[in-house]
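Note: the block below is run-v6.txt and it holds compact mmCIF, C-alpha atoms and all ligand atoms.
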# COMPACT_ATOMS: atom_id res chain seq x y z
CA MET I 1280 118.15 20.14 176.93
CA ALA I 1281 121.03 19.04 174.78
CA GLN I 1282 123.38 16.20 175.63
CA GLY I 1283 127.08 16.84 175.69
CA VAL I 1284 126.85 19.47 178.37
CA ARG I 1285 129.48 19.60 181.13
CA LEU I 1286 128.53 21.53 184.22
CA ILE I 1287 130.04 22.32 187.59
CA PHE I 1288 127.72 23.27 190.43
CA LEU I 1289 129.09 25.68 193.02
CA GLY I 1290 127.45 27.15 196.09
CA PRO I 1291 127.28 26.66 199.85
CA PRO I 1292 125.87 23.57 201.57
CA GLY I 1293 122.08 23.76 201.45
CA ALA I 1294 122.00 25.92 198.30
CA GLY I 1295 120.13 23.19 196.40
CA LYS I 1296 123.03 21.93 194.27
CA GLY I 1297 122.12 18.26 194.68
CA THR I 1298 118.43 18.75 193.91
CA GLN I 1299 119.02 20.94 190.87
CA ALA I 1300 121.88 18.80 189.58
CA GLN I 1301 119.60 15.75 189.74
CA VAL I 1302 116.82 17.49 187.78
CA LEU I 1303 119.18 18.76 185.07
CA ALA I 1304 121.07 15.46 184.84
CA GLU I 1305 117.78 13.68 184.15
CA SER I 1306 116.59 16.17 181.56
CA CYS I 1307 119.98 16.10 179.79
CA GLY I 1308 120.48 12.32 180.12
CA ILE I 1309 123.91 12.73 181.68
CA PRO I 1310 125.29 11.48 185.02
CA HIS I 1311 125.02 13.53 188.20
CA ILE I 1312 128.37 13.06 189.93
CA SER I 1313 128.17 14.00 193.61
CA THR I 1314 131.37 13.44 195.61
CA GLY I 1315 129.31 13.75 198.82
CA GLU I 1316 127.02 10.90 197.67
CA ILE I 1317 129.96 8.75 196.62
CA LEU I 1318 131.50 9.27 200.07
CA ARG I 1319 128.22 8.56 201.91
CA ALA I 1320 127.82 5.30 199.95
CA ALA I 1321 131.43 4.34 200.74
CA ILE I 1322 130.80 5.07 204.44
CA ALA I 1323 127.57 3.05 204.45
CA ASN I 1324 129.40 0.12 202.85
CA GLN I 1325 132.41 0.52 205.13
CA THR I 1326 134.84 0.41 202.21
CA GLU I 1327 138.43 1.52 202.74
CA LEU I 1328 137.57 4.92 201.26
CA GLY I 1329 134.55 5.11 203.58
CA GLN I 1330 136.59 4.32 206.66
CA GLN I 1331 139.18 6.94 205.76
CA ALA I 1332 136.56 9.58 204.96
CA GLN I 1333 134.08 9.09 207.80
CA GLY I 1334 135.69 11.24 210.50
CA PHE I 1335 136.10 14.21 208.15
CA VAL I 1336 132.53 14.00 206.86
CA ASP I 1337 131.10 13.68 210.39
CA ARG I 1338 133.02 16.77 211.53
CA GLY I 1339 132.05 18.82 208.46
CA GLU I 1340 135.67 19.03 207.30
CA LEU I 1341 136.83 18.42 203.75
CA VAL I 1342 138.14 14.95 203.08
CA PRO I 1343 141.84 15.12 202.04
CA ASP I 1344 142.37 15.75 198.32
CA SER I 1345 144.34 12.50 198.09
CA LEU I 1346 141.08 10.58 198.67
CA ILE I 1347 139.05 12.59 196.17
CA LEU I 1348 141.24 13.29 193.13
CA ASN I 1349 141.69 9.72 191.94
CA LEU I 1350 138.04 9.03 192.48
CA ILE I 1351 137.13 11.89 190.11
CA ARG I 1352 139.77 10.83 187.58
CA GLU I 1353 138.25 7.35 187.42
CA ARG I 1354 134.64 8.51 187.45
CA LEU I 1355 135.11 10.91 184.50
CA GLN I 1356 136.61 8.10 182.45
CA GLU I 1357 133.60 5.83 182.83
CA GLN I 1358 131.52 5.18 179.74
CA ASP I 1359 128.42 7.06 180.91
CA ALA I 1360 130.45 10.24 181.44
CA GLN I 1361 131.67 10.54 177.86
CA GLN I 1362 128.58 12.46 176.65
CA GLY I 1363 128.56 15.01 179.47
CA TRP I 1364 128.28 15.25 183.24
CA ILE I 1365 127.26 17.42 186.15
CA LEU I 1366 129.72 17.76 189.01
CA ASP I 1367 128.14 18.52 192.39
CA GLY I 1368 130.40 19.06 195.41
CA PHE I 1369 133.62 19.00 193.38
CA PRO I 1370 135.85 21.01 193.09
CA ARG I 1371 135.71 22.06 196.74
CA ASN I 1372 139.00 24.01 196.94
CA VAL I 1373 141.37 25.71 194.49
CA ASN I 1374 143.74 22.74 194.37
CA GLN I 1375 140.85 20.48 193.25
CA ALA I 1376 139.85 23.08 190.62
CA GLU I 1377 143.40 23.17 189.25
CA PHE I 1378 143.51 19.38 189.21
CA LEU I 1379 140.22 19.29 187.30
CA ASN I 1380 141.53 21.70 184.67
CA THR I 1381 144.58 19.51 184.07
CA LEU I 1382 142.48 16.33 184.04
CA LEU I 1383 140.00 17.77 181.53
CA THR I 1384 142.83 18.83 179.21
CA GLU I 1385 144.20 15.29 179.45
CA LEU I 1386 140.76 13.82 178.67
CA LYS I 1387 140.21 16.37 175.87
CA GLN I 1388 137.07 17.61 177.58
CA GLN I 1389 135.98 21.08 178.62
CA CYS I 1390 133.64 22.40 181.27
CA ASP I 1391 130.92 24.51 179.60
CA VAL I 1392 129.83 26.49 182.63
CA ALA I 1393 130.34 26.72 186.37
CA LEU I 1394 126.97 27.54 187.93
CA ASN I 1395 127.05 29.34 191.25
CA LEU I 1396 123.85 29.04 193.28
CA GLU I 1397 123.48 32.05 195.57
CA VAL I 1398 121.40 31.64 198.72
CA PRO I 1399 121.44 33.75 201.95
CA ASP I 1400 122.79 32.11 205.13
CA ALA I 1401 119.46 32.13 206.97
CA THR I 1402 117.84 30.08 204.19
CA LEU I 1403 120.80 27.67 204.08
CA VAL I 1404 120.62 26.83 207.79
CA GLU I 1405 116.84 26.40 207.61
CA ARG I 1406 117.12 24.05 204.63
CA LEU I 1407 119.97 22.02 206.12
CA LEU I 1408 118.18 21.55 209.44
CA SER I 1409 115.05 20.30 207.69
CA ARG I 1410 117.03 17.77 205.61
CA GLY I 1411 117.97 15.48 208.48
CA ARG I 1412 121.21 14.01 207.14
CA LYS I 1413 123.67 12.75 209.75
CA ASP I 1414 126.00 15.70 209.13
CA ASP I 1415 123.10 18.19 209.26
CA ASN I 1416 123.27 19.00 213.00
CA GLN I 1417 123.84 22.57 214.28
CA GLU I 1418 127.54 22.15 215.03
CA THR I 1419 128.51 20.39 211.80
CA ILE I 1420 126.45 22.84 209.75
CA ARG I 1421 128.35 25.75 211.32
CA ARG I 1422 131.66 24.08 210.50
CA ARG I 1423 130.60 23.25 206.93
CA LEU I 1424 129.62 26.87 206.31
CA GLU I 1425 133.00 28.02 207.70
CA VAL I 1426 134.88 25.51 205.55
CA TYR I 1427 132.83 26.69 202.58
CA ARG I 1428 133.82 30.34 203.14
CA GLU I 1429 137.49 29.56 203.75
CA GLN I 1430 138.18 26.87 201.16
CA THR I 1431 135.36 26.63 198.64
CA ALA I 1432 134.33 30.27 198.04
CA PRO I 1433 137.74 31.00 196.36
CA VAL I 1434 136.75 28.44 193.70
CA ILE I 1435 134.09 30.95 192.55
CA ASP I 1436 136.84 33.51 191.77
CA PHE I 1437 138.82 30.78 190.02
CA TYR I 1438 135.99 30.16 187.52
CA GLN I 1439 135.16 33.85 187.31
CA LYS I 1440 138.73 34.54 186.15
CA GLN I 1441 138.49 31.64 183.74
CA GLY I 1442 135.37 33.25 182.24
CA SER I 1443 133.08 30.26 182.83
CA LEU I 1444 131.13 31.41 185.90
CA LYS I 1445 127.42 32.15 185.93
CA SER I 1446 125.61 33.04 189.14
CA VAL I 1447 121.96 32.24 189.71
CA ASP I 1448 119.67 33.34 192.55
CA GLY I 1449 118.87 30.07 194.36
CA ASP I 1450 116.52 31.62 196.92
CA ARG I 1451 113.38 30.78 194.93
CA SER I 1452 111.14 27.80 194.28
CA LEU I 1453 112.70 24.63 192.89
CA GLU I 1454 111.01 25.19 189.50
CA GLU I 1455 112.05 28.83 189.26
CA VAL I 1456 115.66 27.97 190.02
CA THR I 1457 115.65 25.14 187.44
CA ALA I 1458 114.31 27.55 184.80
CA ALA I 1459 116.97 30.14 185.67
CA LEU I 1460 119.71 27.50 185.48
CA GLU I 1461 118.47 26.26 182.09
CA GLN I 1462 118.53 29.82 180.84
CA ALA I 1463 122.05 30.38 182.18
CA ILE I 1464 123.28 27.19 180.48
CA ALA I 1465 121.65 28.09 177.16
CA SER I 1466 122.91 31.69 177.05
P1 LIG H 1 128.09 17.26 200.19
O1 LIG H 1 127.14 16.13 200.02
O2 LIG H 1 128.63 17.79 198.89
O3 LIG H 1 127.56 18.35 201.09
O4 LIG H 1 129.39 16.66 200.95
C1 LIG H 1 129.27 16.09 202.24
C2 LIG H 1 130.65 15.98 202.86
O5 LIG H 1 131.48 15.13 202.06
C3 LIG H 1 131.43 17.30 202.98
O6 LIG H 1 131.09 18.01 204.16
C4 LIG H 1 132.88 16.79 203.00
O7 LIG H 1 133.21 16.24 204.26
C5 LIG H 1 132.83 15.62 202.02
N1 LIG H 1 133.13 16.03 200.62
C6 LIG H 1 132.28 16.01 199.56
N2 LIG H 1 132.87 16.42 198.44
C7 LIG H 1 134.16 16.68 198.78
C8 LIG H 1 135.29 17.16 198.04
N3 LIG H 1 135.22 17.46 196.74
N4 LIG H 1 136.45 17.33 198.74
C9 LIG H 1 136.54 17.06 200.04
N5 LIG H 1 135.51 16.63 200.79
C10 LIG H 1 134.32 16.44 200.17

Starting from the file, lay out its structure as structure tokens.
Ligand code: AMP
Amino acid sequence: MAQGVRLIFLGPPGAGKGTQAQVLAESCGIPHISTGEILRAAIANQTELGQQAQGFVDRGELVPDSLILNLIRERLQEQDAQQGWILDGFPRNVNQAEFLNTLLTELKQQCDVALNLEVPDATLVERLLSRGRKDDNQETIRRRLEVYREQTAPVIDFYQKQGSLKSVDGDRSLEEVTAALEQAIAS
């Protein structure tokens, strides 16, 4: 697939955003920017960001925007992000989406498409429980799904209104979902 593509991945925890973003990032030769991964690395390294974020991540809550927005601003200005990028896990609420719009205008960039991966709840819980991450226990999963419905689902409407949303059925094999995403990006 072509370089120069700028994609946002939306969808609930366990929808396969990380896996699909990784595959597409490799085939397009662009960075996969996952705020969750950046936070997990910061926590593992006990950086200041990591220490501030840890409690929120462990409880399945969103980390405050003040910790995330600057991080995205800096990441999108790095050299490897000038030919395109895939955002996974950001924006996570409407305020972050509005911030991103302003930032992209400032950077003279534009998001090509916001891809929404649709997966039923039963499949999500099954996938999350089999993943074994520290925040993949029953209680945190329940909270993350709640937080998704309350704070992140409105981001879907935001991109719908902006005319850049495409929804893809994510309840299929990895390869089938990748093919459907590639088609959605190309069309
Ligand atoms: P993820 O790997 O995207 O599932 O993110 C794991 C956890 O990191 C989430 O449950 C949040 O606690 C935190 N997180 C990741 N991205 C964001 C974001 N954009 N805003 C706030 N918190 C985030």

Exercise answer, 7 Å around ligand LIG 1 (chain H) with only C-alpha atoms and all ligand atoms, as a PyMOL selection string: chain I and resi 1292+1313-1316+1318+1335-1337+1339-1344+1347+1367-1371+1423

Can you list every residue of range 1347-1383 of chain I that has an atom at most 12 Å from range 1438-1441 of chain I, with its nearest atom pair and the distance in Å to one decimal, using only C-alpha atoms, ordered by chain then number, as CSV?
residue,atom,partner,partner_atom,distance
I:Pro1370,CA,I:Tyr1438,CA,10.7
I:Asn1372,CA,I:Tyr1438,CA,11.6
I:Val1373,CA,I:Tyr1438,CA,9.9
I:Ala1376,CA,I:Tyr1438,CA,8.6
I:Glu1377,CA,I:Tyr1438,CA,10.3
I:Leu1379,CA,I:Tyr1438,CA,11.7
I:Asn1380,CA,I:Gln1441,CA,10.4

Closest of I:Glu1455, I:Glu1461, I:Asp1450, I:Glu1353 to Glu1405 in chain I - atom-to-atom distances counting only C-alpha atoms: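 The closest residue to Glu1405 in chain I is I:Asp1450.
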
d(CA of Val1392 in chain I, CA of Glu1429 in chain I) in Å: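 Atom-to-atom, CA of Val1392 in chain I and CA of Glu1429 in chain I are spaced 22.7 Å apart.
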
Length of the CA of Ile1420 in chain I to CA of Arg1354 in chain I vector [Å]: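 Distance reported for this atom pair: 27.7 Å.
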
Radius query 12 Å about (115.5, 24.5, 187.4), atoms used: all atoms listed in the file, as JSON, numbers by chain: {"I": [1280, 1295, 1296, 1297, 1298, 1299, 1300, 1301, 1302, 1303, 1304, 1305, 1306, 1394, 1396, 1447, 1448, 1449, 1450, 1451, 1452, 1453, 1454, 1455, 1456, 1457, 1458, 1459, 1460, 1461, 1462, 1463, 1464]}

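If you measure from each of I:Asp1415, I:Ile1365, I:Gln1389, I:Ala1465 to Phe1288 in chain I using only C-alpha atoms, the closest one turns out to be I:Ile1365.
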
Could you add whatever atoms are missing so that range 1438-1464 of chain I carries N, CA, C and O atoms, then write the result as a PDB file, keeping the file's coordinate frame?
ATOM      1  N   TYR I1438     136.764  30.314 188.752  1.00  0.00           N
ATOM      2  CA  TYR I1438     135.990  30.160 187.520  1.00  0.00           C
ATOM      3  C   TYR I1438     135.586  31.506 186.923  1.00  0.00           C
ATOM      4  O   TYR I1438     135.424  31.635 185.706  1.00  0.00           O
ATOM      5  N   GLN I1439     135.439  32.494 187.793  1.00  0.00           N
ATOM      6  CA  GLN I1439     135.160  33.850 187.310  1.00  0.00           C
ATOM      7  C   GLN I1439     136.316  34.304 186.406  1.00  0.00           C
ATOM      8  O   GLN I1439     136.108  34.777 185.292  1.00  0.00           O
ATOM      9  N   LYS I1440     137.546  34.128 186.916  1.00  0.00           N
ATOM     10  CA  LYS I1440     138.730  34.540 186.150  1.00  0.00           C
ATOM     11  C   LYS I1440     138.856  33.748 184.857  1.00  0.00           C
ATOM     12  O   LYS I1440     139.350  34.239 183.852  1.00  0.00           O
ATOM     13  N   GLN I1441     138.403  32.496 184.916  1.00  0.00           N
ATOM     14  CA  GLN I1441     138.490  31.640 183.740  1.00  0.00           C
ATOM     15  C   GLN I1441     137.399  31.982 182.716  1.00  0.00           C
ATOM     16  O   GLN I1441     137.390  31.474 181.602  1.00  0.00           O
ATOM     17  N   GLY I1442     136.439  32.802 183.151  1.00  0.00           N
ATOM     18  CA  GLY I1442     135.370  33.250 182.240  1.00  0.00           C
ATOM     19  C   GLY I1442     134.239  32.254 182.095  1.00  0.00           C
ATOM     20  O   GLY I1442     133.421  32.375 181.188  1.00  0.00           O
ATOM     21  N   SER I1443     134.158  31.247 183.001  1.00  0.00           N
ATOM     22  CA  SER I1443     133.080  30.260 182.830  1.00  0.00           C
ATOM     23  C   SER I1443     132.032  30.313 183.936  1.00  0.00           C
ATOM     24  O   SER I1443     131.187  29.430 184.017  1.00  0.00           O
ATOM     25  N   LEU I1444     132.072  31.359 184.771  1.00  0.00           N
ATOM     26  CA  LEU I1444     131.130  31.410 185.900  1.00  0.00           C
ATOM     27  C   LEU I1444     129.817  32.089 185.536  1.00  0.00           C
ATOM     28  O   LEU I1444     129.805  33.125 184.883  1.00  0.00           O
ATOM     29  N   LYS I1445     128.711  31.475 185.994  1.00  0.00           N
ATOM     30  CA  LYS I1445     127.420  32.150 185.930  1.00  0.00           C
ATOM     31  C   LYS I1445     126.730  32.003 187.268  1.00  0.00           C
ATOM     32  O   LYS I1445     126.625  30.887 187.781  1.00  0.00           O
ATOM     33  N   SER I1446     126.280  33.101 187.843  1.00  0.00           N
ATOM     34  CA  SER I1446     125.610  33.040 189.140  1.00  0.00           C
ATOM     35  C   SER I1446     124.110  33.113 188.958  1.00  0.00           C
ATOM     36  O   SER I1446     123.606  33.835 188.106  1.00  0.00           O
ATOM     37  N   VAL I1447     123.421  32.318 189.779  1.00  0.00           N
ATOM     38  CA  VAL I1447     121.960  32.240 189.710  1.00  0.00           C
ATOM     39  C   VAL I1447     121.404  32.392 191.115  1.00  0.00           C
ATOM     40  O   VAL I1447     121.952  31.819 192.065  1.00  0.00           O
ATOM     41  N   ASP I1448     120.314  33.160 191.250  1.00  0.00           N
ATOM     42  CA  ASP I1448     119.670  33.340 192.550  1.00  0.00           C
ATOM     43  C   ASP I1448     118.935  32.040 192.919  1.00  0.00           C
ATOM     44  O   ASP I1448     117.968  31.657 192.268  1.00  0.00           O
ATOM     45  N   GLY I1449     119.448  31.361 193.966  1.00  0.00           N
ATOM     46  CA  GLY I1449     118.870  30.070 194.360  1.00  0.00           C
ATOM     47  C   GLY I1449     117.834  30.186 195.459  1.00  0.00           C
ATOM     48  O   GLY I1449     117.344  29.178 195.963  1.00  0.00           O
ATOM     49  N   ASP I1450     117.473  31.418 195.822  1.00  0.00           N
ATOM     50  CA  ASP I1450     116.520  31.620 196.920  1.00  0.00           C
ATOM     51  C   ASP I1450     115.098  31.761 196.365  1.00  0.00           C
ATOM     52  O   ASP I1450     114.403  32.735 196.642  1.00  0.00           O
ATOM     53  N   ARG I1451     114.707  30.777 195.559  1.00  0.00           N
ATOM     54  CA  ARG I1451     113.380  30.780 194.930  1.00  0.00           C
ATOM     55  C   ARG I1451     112.861  29.357 194.909  1.00  0.00           C
ATOM     56  O   ARG I1451     113.529  28.454 195.376  1.00  0.00           O
ATOM     57  N   SER I1452     111.687  29.161 194.313  1.00  0.00           N
ATOM     58  CA  SER I1452     111.140  27.800 194.280  1.00  0.00           C
ATOM     59  C   SER I1452     112.025  26.921 193.401  1.00  0.00           C
ATOM     60  O   SER I1452     112.754  27.410 192.534  1.00  0.00           O
ATOM     61  N   LEU I1453     111.919  25.608 193.655  1.00  0.00           N
ATOM     62  CA  LEU I1453     112.700  24.630 192.890  1.00  0.00           C
ATOM     63  C   LEU I1453     112.544  24.858 191.373  1.00  0.00           C
ATOM     64  O   LEU I1453     113.516  24.909 190.633  1.00  0.00           O
ATOM     65  N   GLU I1454     111.282  25.050 190.939  1.00  0.00           N
ATOM     66  CA  GLU I1454     111.010  25.190 189.500  1.00  0.00           C
ATOM     67  C   GLU I1454     111.609  26.479 188.941  1.00  0.00           C
ATOM     68  O   GLU I1454     112.132  26.496 187.823  1.00  0.00           O
ATOM     69  N   GLU I1455     111.497  27.549 189.730  1.00  0.00           N
ATOM     70  CA  GLU I1455     112.050  28.830 189.260  1.00  0.00           C
ATOM     71  C   GLU I1455     113.565  28.750 189.114  1.00  0.00           C
ATOM     72  O   GLU I1455     114.146  29.281 188.168  1.00  0.00           O
ATOM     73  N   VAL I1456     114.200  28.084 190.086  1.00  0.00           N
ATOM     74  CA  VAL I1456     115.660  27.970 190.020  1.00  0.00           C
ATOM     75  C   VAL I1456     116.059  27.102 188.821  1.00  0.00           C
ATOM     76  O   VAL I1456     116.984  27.447 188.077  1.00  0.00           O
ATOM     77  N   THR I1457     115.340  25.991 188.600  1.00  0.00           N
ATOM     78  CA  THR I1457     115.650  25.140 187.440  1.00  0.00           C
ATOM     79  C   THR I1457     115.560  25.947 186.144  1.00  0.00           C
ATOM     80  O   THR I1457     116.446  25.876 185.291  1.00  0.00           O
ATOM     81  N   ALA I1458     114.491  26.748 186.025  1.00  0.00           N
ATOM     82  CA  ALA I1458     114.310  27.550 184.800  1.00  0.00           C
ATOM     83  C   ALA I1458     115.465  28.535 184.632  1.00  0.00           C
ATOM     84  O   ALA I1458     115.991  28.708 183.524  1.00  0.00           O
ATOM     85  N   ALA I1459     115.867  29.170 185.740  1.00  0.00           N
ATOM     86  CA  ALA I1459     116.970  30.140 185.670  1.00  0.00           C
ATOM     87  C   ALA I1459     118.276  29.455 185.289  1.00  0.00           C
ATOM     88  O   ALA I1459     119.077  29.996 184.525  1.00  0.00           O
ATOM     89  N   LEU I1460     118.485  28.247 185.807  1.00  0.00           N
ATOM     90  CA  LEU I1460     119.710  27.500 185.480  1.00  0.00           C
ATOM     91  C   LEU I1460     119.715  27.116 184.003  1.00  0.00           C
ATOM     92  O   LEU I1460     120.732  27.256 183.321  1.00  0.00           O
ATOM     93  N   GLU I1461     118.555  26.653 183.516  1.00  0.00           N
ATOM     94  CA  GLU I1461     118.470  26.260 182.090  1.00  0.00           C
ATOM     95  C   GLU I1461     118.783  27.444 181.201  1.00  0.00           C
ATOM     96  O   GLU I1461     119.482  27.302 180.194  1.00  0.00           O
ATOM     97  N   GLN I1462     118.270  28.613 181.621  1.00  0.00           N
ATOM     98  CA  GLN I1462     118.530  29.820 180.840  1.00  0.00           C
ATOM     99  C   GLN I1462     120.016  30.177 180.860  1.00  0.00           C
ATOM    100  O   GLN I1462     120.589  30.523 179.828  1.00  0.00           O
ATOM    101  N   ALA I1463     120.622  30.049 182.047  1.00  0.00           N
ATOM    102  CA  ALA I1463     122.050  30.380 182.180  1.00  0.00           C
ATOM    103  C   ALA I1463     122.901  29.439 181.322  1.00  0.00           C
ATOM    104  O   ALA I1463     123.876  29.857 180.708  1.00  0.00           O
ATOM    105  N   ILE I1464     122.511  28.167 181.262  1.00  0.00           N
ATOM    106  CA  ILE I1464     123.280  27.190 180.480  1.00  0.00           C
ATOM    107  C   ILE I1464     123.143  27.480 178.981  1.00  0.00           C
ATOM    108  O   ILE I1464     124.111  27.389 178.233  1.00  0.00           O
TER     109      ILE I1464
END
